[in-house]
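Dumped protein.txt below, it's compact mmCIF, C-alpha atoms and all ligand atoms:
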```txt
# COMPACT_ATOMS: atom_id res chain seq x y z
CA MET A 1 46.79 66.88 188.38
CA ASN A 2 49.72 64.65 189.28
CA HIS A 3 50.25 65.17 193.01
CA LYS A 4 53.51 63.24 192.95
CA LYS A 5 55.08 66.06 190.97
CA ALA A 6 53.26 69.08 192.43
CA LEU A 7 55.56 70.69 194.99
CA VAL A 8 54.22 71.94 198.32
CA ILE A 9 55.11 75.59 198.78
CA VAL A 10 54.45 78.02 201.66
CA VAL A 11 54.51 81.73 200.85
CA THR A 12 54.25 84.40 203.56
CA GLY A 13 53.08 87.81 202.41
CA ALA A 14 51.04 85.98 199.76
CA SER A 15 48.17 88.46 199.55
CA ALA A 16 49.94 91.35 197.79
CA GLY A 17 53.07 92.76 196.19
CA VAL A 18 56.10 90.52 195.65
CA GLY A 19 54.49 87.62 197.55
CA ARG A 20 51.44 87.71 195.30
CA ALA A 21 53.67 87.62 192.19
CA VAL A 22 55.58 84.69 193.73
CA VAL A 23 52.29 82.83 194.25
CA ARG A 24 51.37 83.43 190.59
CA ARG A 25 54.79 82.17 189.47
CA PHE A 26 54.56 78.91 191.43
CA ALA A 27 50.90 78.45 190.43
CA ARG A 28 52.11 78.23 186.80
CA ASP A 29 54.02 75.08 187.84
CA GLY A 30 50.78 73.59 189.21
CA ALA A 31 52.14 73.80 192.79
CA ARG A 32 50.14 73.25 195.97
CA ILE A 33 50.53 76.54 197.80
CA ALA A 34 49.81 77.54 201.40
CA LEU A 35 49.06 81.26 201.38
CA ILE A 36 49.97 83.21 204.52
CA ALA A 37 49.09 86.87 205.20
CA ARG A 38 46.42 88.65 207.27
CA GLY A 39 44.04 90.20 204.73
CA MET A 40 41.31 87.79 203.61
CA ASP A 41 40.43 89.79 200.48
CA GLY A 42 43.93 89.44 199.02
CA LEU A 43 44.35 85.86 200.23
CA GLU A 44 41.09 84.68 198.67
CA ALA A 45 41.87 86.45 195.40
CA ALA A 46 45.33 84.81 195.37
CA ALA A 47 43.74 81.39 196.02
CA ARG A 48 41.39 81.89 193.04
CA GLU A 49 44.38 82.75 190.83
CA VAL A 50 46.24 79.62 191.96
CA GLU A 51 43.28 77.40 191.16
CA GLN A 52 42.69 79.07 187.78
CA ALA A 53 46.34 78.42 186.90
CA GLY A 54 46.00 74.71 187.71
CA GLY A 55 47.46 74.65 191.23
CA GLU A 56 45.88 74.13 194.64
CA ALA A 57 45.65 76.70 197.42
CA LEU A 58 45.26 76.65 201.18
CA VAL A 59 44.39 79.99 202.77
CA LEU A 60 46.00 80.54 206.19
CA PRO A 61 45.23 84.00 207.57
CA LEU A 62 47.69 84.88 210.32
CA ASP A 63 50.24 87.39 211.58
CA VAL A 64 53.85 86.24 211.03
CA ALA A 65 54.89 88.03 214.24
CA ASP A 66 52.98 85.28 216.09
CA ALA A 67 55.37 82.30 216.22
CA ALA A 68 52.70 79.86 217.45
CA ALA A 69 50.40 80.80 214.56
CA VAL A 70 53.22 80.25 212.04
CA GLU A 71 54.00 76.85 213.57
CA ALA A 72 50.29 75.92 213.45
CA ALA A 73 50.21 76.97 209.78
CA ALA A 74 53.12 74.65 208.99
CA GLU A 75 51.25 71.85 210.76
CA ALA A 76 48.05 72.61 208.83
CA THR A 77 49.93 72.74 205.50
CA GLU A 78 51.47 69.30 206.00
CA ALA A 79 48.16 67.82 207.20
CA HIS A 80 46.49 69.16 204.03
CA PHE A 81 49.17 68.77 201.34
CA GLY A 82 51.94 66.58 202.81
CA PRO A 83 55.62 67.51 203.40
CA ILE A 84 56.62 71.09 202.65
CA ASP A 85 59.21 71.32 199.83
CA ILE A 86 59.79 75.08 199.74
CA TRP A 87 59.12 77.84 202.30
CA ILE A 88 59.35 81.44 201.10
CA ASN A 89 59.48 84.29 203.65
CA VAL A 90 58.22 87.45 201.96
CA ALA A 91 55.97 89.22 204.53
CA PHE A 92 57.21 92.54 205.84
CA ALA A 93 56.06 95.82 207.34
CA GLY A 94 57.93 99.11 207.45
CA VAL A 95 57.69 102.69 208.69
CA MET A 96 58.91 105.73 206.74
CA SER A 97 60.24 108.09 209.38
CA GLN A 98 63.21 109.89 210.78
CA PHE A 99 64.45 107.72 213.67
CA LEU A 100 63.73 110.38 216.30
CA ASP A 101 60.12 110.81 215.09
CA MET A 102 59.35 107.10 215.56
CA ASN A 103 57.84 105.55 218.62
CA LEU A 104 59.51 102.44 219.97
CA ASP A 105 56.36 100.29 219.80
CA ASP A 106 56.28 100.81 216.04
CA TYR A 107 60.02 100.13 215.85
CA ARG A 108 59.56 96.81 217.67
CA ARG A 109 56.58 95.93 215.48
CA VAL A 110 58.62 96.39 212.27
CA THR A 111 61.30 94.11 213.77
CA ASP A 112 58.72 91.53 214.87
CA VAL A 113 57.16 91.29 211.42
CA THR A 114 60.16 91.86 209.15
CA TYR A 115 62.89 90.04 211.08
CA HIS A 116 61.16 87.71 213.55
CA GLY A 117 58.52 86.83 210.94
CA GLN A 118 61.30 85.32 208.81
CA VAL A 119 62.82 83.61 211.86
CA HIS A 120 59.43 82.09 212.76
CA GLY A 121 58.88 80.82 209.22
CA THR A 122 62.41 79.41 208.98
CA MET A 123 62.05 77.68 212.37
CA ALA A 124 58.77 76.02 211.35
CA ALA A 125 60.23 74.95 208.01
CA LEU A 126 63.61 73.69 209.30
CA LYS A 127 61.96 71.65 212.09
CA ARG A 128 60.28 69.65 209.36
CA MET A 129 62.94 69.72 206.62
CA VAL A 130 66.07 68.86 208.66
CA PRO A 131 64.85 65.40 209.82
CA ARG A 132 63.92 64.60 206.18
CA ASP A 133 67.20 66.09 204.93
CA ARG A 134 65.50 67.90 202.08
CA GLY A 135 63.82 71.20 201.39
CA SER A 136 64.53 74.77 200.39
CA ILE A 137 63.92 78.03 202.27
CA VAL A 138 64.08 81.47 200.69
CA LEU A 139 64.62 84.59 202.79
CA VAL A 140 63.50 87.66 200.87
CA GLY A 141 65.94 90.47 201.50
CA SER A 142 66.91 93.75 199.96
CA ALA A 143 69.93 95.77 198.94
CA LEU A 144 69.13 97.43 202.30
CA ALA A 145 70.24 94.22 204.05
CA TYR A 146 73.75 95.58 203.39
CA ARG A 147 73.26 99.32 202.99
CA GLY A 148 71.14 101.39 205.40
CA ILE A 149 69.28 104.42 204.06
CA PRO A 150 67.62 107.37 205.79
CA LEU A 151 63.92 107.19 206.80
CA GLN A 152 63.96 103.38 207.04
CA SER A 153 66.16 102.54 210.03
CA ALA A 154 63.79 99.91 211.49
CA TYR A 155 63.43 98.16 208.13
CA CYS A 156 67.17 98.33 207.32
CA GLY A 157 68.03 96.97 210.78
CA ALA A 158 65.59 94.07 210.31
CA LYS A 159 66.95 93.21 206.84
CA HIS A 160 70.57 93.34 208.10
CA ALA A 161 69.45 90.97 210.86
CA VAL A 162 67.98 88.53 208.33
CA GLN A 163 71.28 88.57 206.45
CA GLY A 164 73.30 87.71 209.58
CA PHE A 165 70.71 85.08 210.52
CA GLN A 166 71.18 83.40 207.14
CA ASP A 167 74.98 83.20 207.61
CA SER A 168 74.52 81.49 210.99
CA ILE A 169 71.92 78.91 210.04
CA ARG A 170 73.65 78.15 206.75
CA ALA A 171 76.90 77.43 208.59
CA GLU A 172 75.00 75.18 211.02
CA LEU A 173 73.39 73.26 208.15
CA LEU A 174 76.77 72.86 206.45
CA HIS A 175 78.30 71.69 209.75
CA ALA A 176 75.57 69.04 209.97
CA LYS A 177 76.14 68.10 206.30
CA SER A 178 72.44 68.76 205.73
CA HIS A 179 71.00 68.93 202.22
CA VAL A 180 68.44 71.53 203.30
CA HIS A 181 69.20 74.80 201.51
CA VAL A 182 68.64 78.38 202.70
CA SER A 183 69.07 81.17 200.16
CA MET A 184 68.52 84.93 200.34
CA VAL A 185 67.29 87.14 197.51
CA GLN A 186 68.37 90.78 197.66
CA LEU A 187 65.80 92.86 195.79
CA PRO A 188 66.01 96.38 194.37
CA GLY A 189 63.05 98.78 194.57
CA VAL A 190 59.92 96.94 193.38
CA ASN A 191 56.60 98.40 192.20
CA THR A 192 54.28 97.04 194.92
CA PRO A 193 51.48 98.42 197.12
CA GLN A 194 53.93 99.03 200.00
CA PHE A 195 54.40 102.67 199.01
CA ASP A 196 50.69 103.30 199.59
CA TRP A 197 50.26 101.54 202.93
CA MET A 198 53.52 101.73 204.86
CA ARG A 199 53.10 103.64 208.12
CA THR A 200 54.69 107.07 207.79
CA THR A 201 55.37 110.14 209.90
CA LEU A 202 56.07 112.22 206.75
CA PRO A 203 53.60 114.52 205.02
CA LYS A 204 54.39 113.31 201.48
CA LYS A 205 53.69 109.98 199.76
CA ALA A 206 56.48 107.40 199.79
CA ARG A 207 58.21 106.41 196.57
CA PRO A 208 61.17 104.24 195.55
CA ALA A 209 64.43 106.21 195.21
CA SER A 210 64.96 105.04 191.59
CA PRO A 211 62.61 103.54 188.96
CA PRO A 212 61.46 100.24 190.51
CA TYR A 213 61.28 96.81 188.91
CA GLN A 214 58.02 95.01 188.34
CA PRO A 215 57.16 92.34 190.93
CA GLU A 216 57.38 89.62 188.26
CA VAL A 217 61.17 90.22 188.03
CA ALA A 218 61.44 89.66 191.80
CA ALA A 219 59.19 86.58 191.60
CA ASP A 220 61.34 85.04 188.86
CA ALA A 221 64.46 85.46 191.02
CA ILE A 222 62.74 84.01 194.10
CA HIS A 223 61.47 81.03 192.06
CA PHE A 224 65.03 80.51 190.78
CA ALA A 225 66.54 80.76 194.29
CA ALA A 226 64.08 78.15 195.58
CA HIS A 227 65.23 75.67 192.94
CA HIS A 228 68.99 76.32 192.89
CA ARG A 229 71.68 76.13 195.52
CA ARG A 230 73.08 79.63 195.46
CA LYS A 231 73.60 81.30 198.82
CA GLN A 232 72.50 84.66 197.53
CA VAL A 233 70.77 86.10 194.50
CA ILE A 234 71.05 89.83 193.81
CA VAL A 235 68.44 91.37 191.53
CA GLY A 236 68.87 94.57 189.52
CA PHE A 237 71.87 96.81 188.93
CA PRO A 238 70.85 99.33 191.65
CA ALA A 239 70.92 96.53 194.27
CA LEU A 240 74.33 95.35 193.07
CA GLU A 241 75.62 98.93 193.11
CA ALA A 242 74.35 99.55 196.66
CA ILE A 243 75.82 96.29 198.02
CA TRP A 244 79.24 96.75 196.41
CA GLY A 245 79.20 100.49 197.03
CA ASP A 246 78.74 99.85 200.73
CA ARG A 247 81.59 97.33 200.74
CA PHE A 248 84.10 99.78 199.27
CA ALA A 249 82.82 103.29 200.06
CA SER A 250 80.49 102.99 203.04
CA SER A 251 81.34 106.33 204.62
CA ALA A 252 81.12 108.19 201.31
CA LEU A 253 77.69 106.61 200.77
CA ASP A 254 76.53 107.94 204.17
CA HIS A 255 77.33 111.46 202.93
CA TYR A 256 75.70 110.86 199.54
CA LEU A 257 72.52 109.44 201.08
CA GLY A 258 72.49 112.17 203.72
CA ALA A 259 72.38 114.70 200.86
CA THR A 260 69.91 112.87 198.57
CA GLY A 261 68.15 109.97 200.33
CA VAL A 262 65.48 111.89 202.25
CA ASP A 263 64.04 113.73 199.25
CA SER A 264 64.47 110.86 196.77
CA GLN A 265 62.12 108.63 198.80
CA GLN A 266 59.26 111.14 198.84
CA ASP A 267 56.83 112.08 196.10
CA LYS A 268 55.75 115.66 195.44
CA GLU A 269 52.15 114.74 196.35
CA LEU A 270 50.89 114.97 199.90
CA ILE A 271 49.33 111.96 201.63
CA GLU A 272 45.56 112.08 201.28
CA PRO A 273 43.25 112.28 204.30
CA GLY A 274 41.96 108.84 205.32
CA TYR A 275 45.33 107.14 204.56
CA ARG A 276 45.40 103.65 206.13
CA ASP A 277 48.62 101.86 206.99
CA ASN A 278 49.18 98.12 207.40
CA LEU A 279 51.57 98.02 210.37
CA TYR A 280 49.18 96.37 212.84
CA GLU A 281 46.16 95.46 210.66
CA PRO A 282 45.80 94.65 206.96
CA VAL A 283 44.26 97.27 204.67
CA PRO A 284 40.90 95.87 203.39
CA GLY A 285 40.51 95.01 199.69
CA ASP A 286 42.48 93.06 197.12
CA HIS A 287 45.57 95.10 196.21
CA GLY A 288 47.21 92.64 193.81
CA ALA A 289 50.90 92.57 193.02
CA HIS A 290 51.55 95.96 191.42
CA GLY A 291 51.84 99.38 192.99
CA ARG A 292 51.17 102.78 191.41
CA PHE A 293 54.40 102.95 189.37
CA ASP A 294 53.53 100.85 186.29
CA ALA A 295 54.39 103.79 184.01
CA ILE A 296 58.04 103.92 185.10
CA ALA A 297 58.64 100.37 186.37
CA ARG A 298 61.18 98.11 184.64
CA ALA A 299 59.85 94.76 183.42
CA ARG A 300 63.31 93.31 182.82
CA SER A 301 66.72 93.30 184.48
CA PRO A 302 69.70 92.55 182.20
CA GLN A 303 71.86 92.19 185.35
CA TRP A 304 69.51 89.53 186.76
CA TRP A 305 69.34 87.76 183.38
CA MET A 306 73.15 87.55 183.26
CA SER A 307 73.34 86.35 186.87
CA LYS A 308 70.65 83.72 186.25
CA HIS A 309 72.42 82.42 183.14
CA ARG A 310 75.98 82.85 184.43
CA MET A 311 76.80 79.14 184.03
CA ALA A 312 75.72 79.13 180.39
CA LEU A 313 77.44 82.48 179.78
CA GLY A 314 80.62 81.18 181.46
CA THR A 315 80.57 78.03 179.32
CA ALA A 316 79.95 80.04 176.13
CA GLY A 317 82.79 82.43 177.09
CA ALA A 318 85.18 79.53 177.76
CA LEU A 319 84.23 77.90 174.43
CA LEU A 320 84.77 81.15 172.55
CA ALA A 321 88.15 81.62 174.24
CA ALA A 322 89.12 78.01 173.39
CA VAL A 323 88.08 78.40 169.72
CA GLY A 324 89.89 81.76 169.48
CA GLY A 325 93.01 80.26 171.09
CA ALA A 326 92.97 77.26 168.73
CA LEU A 327 92.61 79.50 165.65
CA LEU A 328 95.48 81.73 166.83
CA PHE A 329 97.68 78.76 167.64
CA GLY A 330 96.87 77.15 164.27
CA ARG A 331 97.83 80.36 162.41
CA LYS A 332 101.13 80.76 164.31
CA SER A 333 102.20 77.14 163.86
CA ARG A 334 101.58 77.20 160.08
N1 LIG B 1 58.89 96.77 197.15
C1 LIG B 1 60.18 97.06 197.27
O1 LIG B 1 60.66 98.12 196.85
C2 LIG B 1 61.12 96.07 197.93
C3 LIG B 1 62.49 96.30 197.83
C4 LIG B 1 63.38 95.40 198.39
C5 LIG B 1 62.89 94.30 199.08
N2 LIG B 1 61.54 94.11 199.18
C6 LIG B 1 61.07 92.96 199.97
O2 LIG B 1 60.06 92.27 199.29
C7 LIG B 1 59.17 91.72 200.26
C8 LIG B 1 57.75 92.10 199.88
O3 LIG B 1 57.65 93.51 199.83
P1 LIG B 1 56.42 94.19 199.07
O4 LIG B 1 56.93 95.47 198.54
O5 LIG B 1 55.76 93.22 198.21
O6 LIG B 1 55.47 94.53 200.32
P2 LIG B 1 53.92 94.87 200.34
O7 LIG B 1 53.43 95.27 199.03
O8 LIG B 1 53.75 95.81 201.49
O9 LIG B 1 53.27 93.46 200.75
C9 LIG B 1 53.55 92.95 202.03
C10 LIG B 1 52.93 91.59 202.17
O10 LIG B 1 53.19 91.13 203.50
C11 LIG B 1 51.96 90.87 204.17
N3 LIG B 1 52.09 91.23 205.58
C12 LIG B 1 52.37 92.43 206.12
N4 LIG B 1 52.41 92.35 207.45
C13 LIG B 1 52.14 91.05 207.76
C14 LIG B 1 52.04 90.34 208.99
N5 LIG B 1 52.22 90.94 210.15
N6 LIG B 1 51.74 89.02 208.95
C15 LIG B 1 51.54 88.39 207.75
N7 LIG B 1 51.64 89.01 206.57
C16 LIG B 1 51.94 90.34 206.58
C17 LIG B 1 50.93 91.73 203.45
O11 LIG B 1 49.63 91.19 203.56
P3 LIG B 1 48.52 91.56 204.67
O12 LIG B 1 48.59 93.01 204.88
O13 LIG B 1 47.29 91.02 204.02
O14 LIG B 1 48.92 90.78 205.89
C18 LIG B 1 51.43 91.61 202.01
O15 LIG B 1 50.99 90.38 201.48
C19 LIG B 1 59.60 92.21 201.62
O16 LIG B 1 60.35 91.23 202.29
C20 LIG B 1 60.46 93.40 201.28
O17 LIG B 1 61.44 93.64 202.25
C21 LIG B 1 60.64 94.96 198.62
```

Before we go any further, please render this structure as structure tokens.
Ligand SMILES: NC(=O)c1ccc[n+]([C@@H]2O[C@H](COP(=O)([O-])OP(=O)(O)OC[C@H]3O[C@@H](n4cnc5c(N)ncnc54)[C@H](OP(=O)(O)O)[C@@H]3O)[C@@H](O)[C@H]2O)c1
Amino acid sequence: MNHKKALVIVVTGASAGVGRAVVRRFARDGARIALIARGMDGLEAAAREVEQAGGEALVLPLDVADAAAVEAAAEATEAHFGPIDIWINVAFAGVMSQFLDMNLDDYRRVTDVTYHGQVHGTMAALKRMVPRDRGSIVLVGSALAYRGIPLQSAYCGAKHAVQGFQDSIRAELLHAKSHVHVSMVQLPGVNTPQFDWMRTTLPKKARPASPPYQPEVAADAIHFAAHHRRKQVIVGFPALEAIWGDRFASSALDHYLGATGVDSQQDKELIEPGYRDNLYEPVPGDHGAHGRFDAIARARSPQWWMSKHRMALGTAGALLAAVGGALLFGRKSR
């Protein structure tokens, strides 16, 4: 392997779900990847996948709510692989609950993992990237970074916070004329294990409100965001609809979600006895990237494809318009 070309990537939330799919995507490039999460079963399985794909892996089990541990992981990554090129903040934890049924310790824990976890990762990455004036950071967000929904107030608050955080640090980097880039990827519902291990105060199993996308669609967008200089990447028509819907009809959406959003996020099936959630501790075992919705999940997003190729589509459109204009002009002037 040519180490001069193999990028050094850090992925938080690398053991499962979207983060696991991101690890697989970068492993295809032969990257050297530091894998951060808590569960050793998922981390070791991810490391095997990286090595099988031709990359290199460094397993760093830690809790992203612990800023000192995240900083130590950045240190360990650079000691092992050299300078970090790309840092991707994926790790999150949520609670499905009416606000008044939640205890405040759990509320703070969601914020510590889902918001402060991204702040800790970004701090560790920027401290190293800014003096070198190069590097890319991806904040993984959600349509819910713009539009709150019932039963997920702690999560929605944390994702809104990440979105405001990005505006601030991006403006600071621009002020300093830095070449370090920070992008945010707003995902739609994704078919991951989260729906089977999020803490919940509800009797029924959690489910995405509309058919989710496969984690590979999310991973493709995150890989793209890490390599391009867009401020924001929105994935999937439902995410676009929620973000623009909130911009133009926020109050009407409150009423709509008040009427539909509680039931649409719950399955018919009851939660089984022995259910284990991952809010404070990882759930043992290797859970991979996919959740239980393979039968209905969407493997492609035409909206994301068009957004990804918008430059080429714009050029093709301009060419077509120019050719059409020339033909019309030629006919008229004959
Ligand atoms: N799935 C969706 O519908 C959806 C929609 C929009 C946005 N997103 C975003 O996509 C990202 C990934 O979501 P997902 O659905 O893939 O979640 P997931 O299936 O629940 O996976 C969460 C990942 O984060 C890790 N993690 C959880 N708590 C941690 C902690 N305290 N410290 C370190 N690692 C921790 C988990 O590993 P361990 O348990 O081993 O630590 C796991 O690797 C999140 O940022 C989420 O907001 C997801």

Return as number ranges by chain the residues of protein, DNA or RNA that approach ligand LIG 1 (chain B) to within 6 Å, with only C-alpha atoms and all ligand atoms taken into account. A: 13-19, 37-39, 62-65, 90-93, 113, 140-142, 187-194, 278, 282

Expected residue set, 12 Å radius at (70.6, 101.2, 190.5), all atoms listed in the file, as a VMD selection string: chain A and resid 143 187 to 190 208 to 213 234 to 245 298 301 303

Residues just named, written with C-alpha atoms as a PDB file, in the frame of the given file:
```
ATOM      1  CA  ALA A 143      69.930  95.770 198.940  1.00  0.00           C
ATOM      2  CA  LEU A 187      65.800  92.860 195.790  1.00  0.00           C
ATOM      3  CA  PRO A 188      66.010  96.380 194.370  1.00  0.00           C
ATOM      4  CA  GLY A 189      63.050  98.780 194.570  1.00  0.00           C
ATOM      5  CA  VAL A 190      59.920  96.940 193.380  1.00  0.00           C
ATOM      6  CA  PRO A 208      61.170 104.240 195.550  1.00  0.00           C
ATOM      7  CA  ALA A 209      64.430 106.210 195.210  1.00  0.00           C
ATOM      8  CA  SER A 210      64.960 105.040 191.590  1.00  0.00           C
ATOM      9  CA  PRO A 211      62.610 103.540 188.960  1.00  0.00           C
ATOM     10  CA  PRO A 212      61.460 100.240 190.510  1.00  0.00           C
ATOM     11  CA  TYR A 213      61.280  96.810 188.910  1.00  0.00           C
ATOM     12  CA  ILE A 234      71.050  89.830 193.810  1.00  0.00           C
ATOM     13  CA  VAL A 235      68.440  91.370 191.530  1.00  0.00           C
ATOM     14  CA  GLY A 236      68.870  94.570 189.520  1.00  0.00           C
ATOM     15  CA  PHE A 237      71.870  96.810 188.930  1.00  0.00           C
ATOM     16  CA  PRO A 238      70.850  99.330 191.650  1.00  0.00           C
ATOM     17  CA  ALA A 239      70.920  96.530 194.270  1.00  0.00           C
ATOM     18  CA  LEU A 240      74.330  95.350 193.070  1.00  0.00           C
ATOM     19  CA  GLU A 241      75.620  98.930 193.110  1.00  0.00           C
ATOM     20  CA  ALA A 242      74.350  99.550 196.660  1.00  0.00           C
ATOM     21  CA  ILE A 243      75.820  96.290 198.020  1.00  0.00           C
ATOM     22  CA  TRP A 244      79.240  96.750 196.410  1.00  0.00           C
ATOM     23  CA  GLY A 245      79.200 100.490 197.030  1.00  0.00           C
ATOM     24  CA  ARG A 298      61.180  98.110 184.640  1.00  0.00           C
ATOM     25  CA  SER A 301      66.720  93.300 184.480  1.00  0.00           C
ATOM     26  CA  GLN A 303      71.860  92.190 185.350  1.00  0.00           C
TER      27      GLN A 303
END
```

From the list A:Ala322, A:Leu7, A:Ala297, A:Ala27, which residue is nearest Pro83 in chain A when using only C-alpha atoms?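 Closest residue, counting only C-alpha atoms: A:Leu7.
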
Excluding range 71-78 of chain A and residues on its chain fewer than 5 positions from it, collect all residues at most 9 Å away from it, counting only C-alpha atoms, and give them as a PyMOL selection string. chain A and resi 8-10+33-34+36+58+60-62+66+83-84+120-121+123-125+128

Restricting the output to C-alpha atoms, write the selected residues as a short mmCIF file (atom, residue, chain, number, x, y, z; two decimals), in the coordinates of the input.
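Dumped to selection_33.cif:
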```cif
data_model
loop_
_atom_site.label_atom_id
_atom_site.label_comp_id
_atom_site.auth_asym_id
_atom_site.auth_seq_id
_atom_site.Cartn_x
_atom_site.Cartn_y
_atom_site.Cartn_z
CA VAL A 8 54.22 71.94 198.32
CA ILE A 9 55.11 75.59 198.78
CA VAL A 10 54.45 78.02 201.66
CA ILE A 33 50.53 76.54 197.80
CA ALA A 34 49.81 77.54 201.40
CA ILE A 36 49.97 83.21 204.52
CA LEU A 58 45.26 76.65 201.18
CA LEU A 60 46.00 80.54 206.19
CA PRO A 61 45.23 84.00 207.57
CA LEU A 62 47.69 84.88 210.32
CA ASP A 66 52.98 85.28 216.09
CA PRO A 83 55.62 67.51 203.40
CA ILE A 84 56.62 71.09 202.65
CA HIS A 120 59.43 82.09 212.76
CA GLY A 121 58.88 80.82 209.22
CA MET A 123 62.05 77.68 212.37
CA ALA A 124 58.77 76.02 211.35
CA ALA A 125 60.23 74.95 208.01
CA ARG A 128 60.28 69.65 209.36
#
```

List the neighbours of His228 in chain A out to 9 Å using only C-alpha atoms; skip same-chain residues closer than 4 positions along the sequence, and give me the result as a count of residues only. 5

Which of A:Val180, A:Pro131, A:Leu100, A:Phe293 sits closest to His227 in chain A [using only C-alpha atoms]: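 Ranking A:Val180, A:Pro131, A:Leu100, A:Phe293 by distance to His227 in chain A, first place goes to A:Val180.
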
Given only C-alpha atoms as the counted atoms, nearest of A:Arg20, A:Arg147, A:His116, A:His309 to Leu257 in chain A: A:Arg147

Quick one: of A:Ala206, A:Leu104, A:Ala226, A:Val217, who's nearest to Val138 in chain A, counting only C-alpha atoms?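 For Val138 in chain A, the nearest of the candidates is A:Ala226.
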
Top pick for closest residue to Glu44 in chain A, considering A:Lys205, A:His80, A:His287, A:Lys332 and counting all atoms listed in the file: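 Closest candidate: A:His287.
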
With distances taken over all atoms listed in the file, the candidate from A:Gln163, A:Ser97, A:Ser264, A:Gln186 nearest Arg199 in chain A is A:Ser97

Which polymer residues have any atom within 12 Å of an atom of Glu272 in chain A, counting all atoms listed in the file, with same-chain residues fewer than 5 positions away left out, as JSON, numbers by chain? {"A": [196, 197, 202, 203, 204, 205, 206]}

Please return as a PDB file with C-alpha atoms, keeping the file's coordinate frame every residue within 6 Å of (61.9, 91.1, 208.3), taking into account all atoms listed in the file and the file's own coordinates.
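That gives us result_2.pdb:
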```pdb
ATOM      1  CA  PHE A  92      57.210  92.540 205.840  1.00  0.00           C
ATOM      2  CA  VAL A 113      57.160  91.290 211.420  1.00  0.00           C
ATOM      3  CA  THR A 114      60.160  91.860 209.150  1.00  0.00           C
ATOM      4  CA  TYR A 115      62.890  90.040 211.080  1.00  0.00           C
ATOM      5  CA  GLN A 118      61.300  85.320 208.810  1.00  0.00           C
ATOM      6  CA  ALA A 158      65.590  94.070 210.310  1.00  0.00           C
ATOM      7  CA  LYS A 159      66.950  93.210 206.840  1.00  0.00           C
TER       8      LYS A 159
END
```

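The interatomic distance for the pair CA of Asp286 in chain A and CA of Gly54 in chain A works out to 20.9 Å.
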
Just how far from CA of Ile137 in chain A is CA of Val182 in chain A, in Å to one decimal?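 Those two atoms sit 4.8 Å apart.
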
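When CA of Ala161 in chain A is paired with CA of Trp304 in chain A, their separation reads 24.1 Å.
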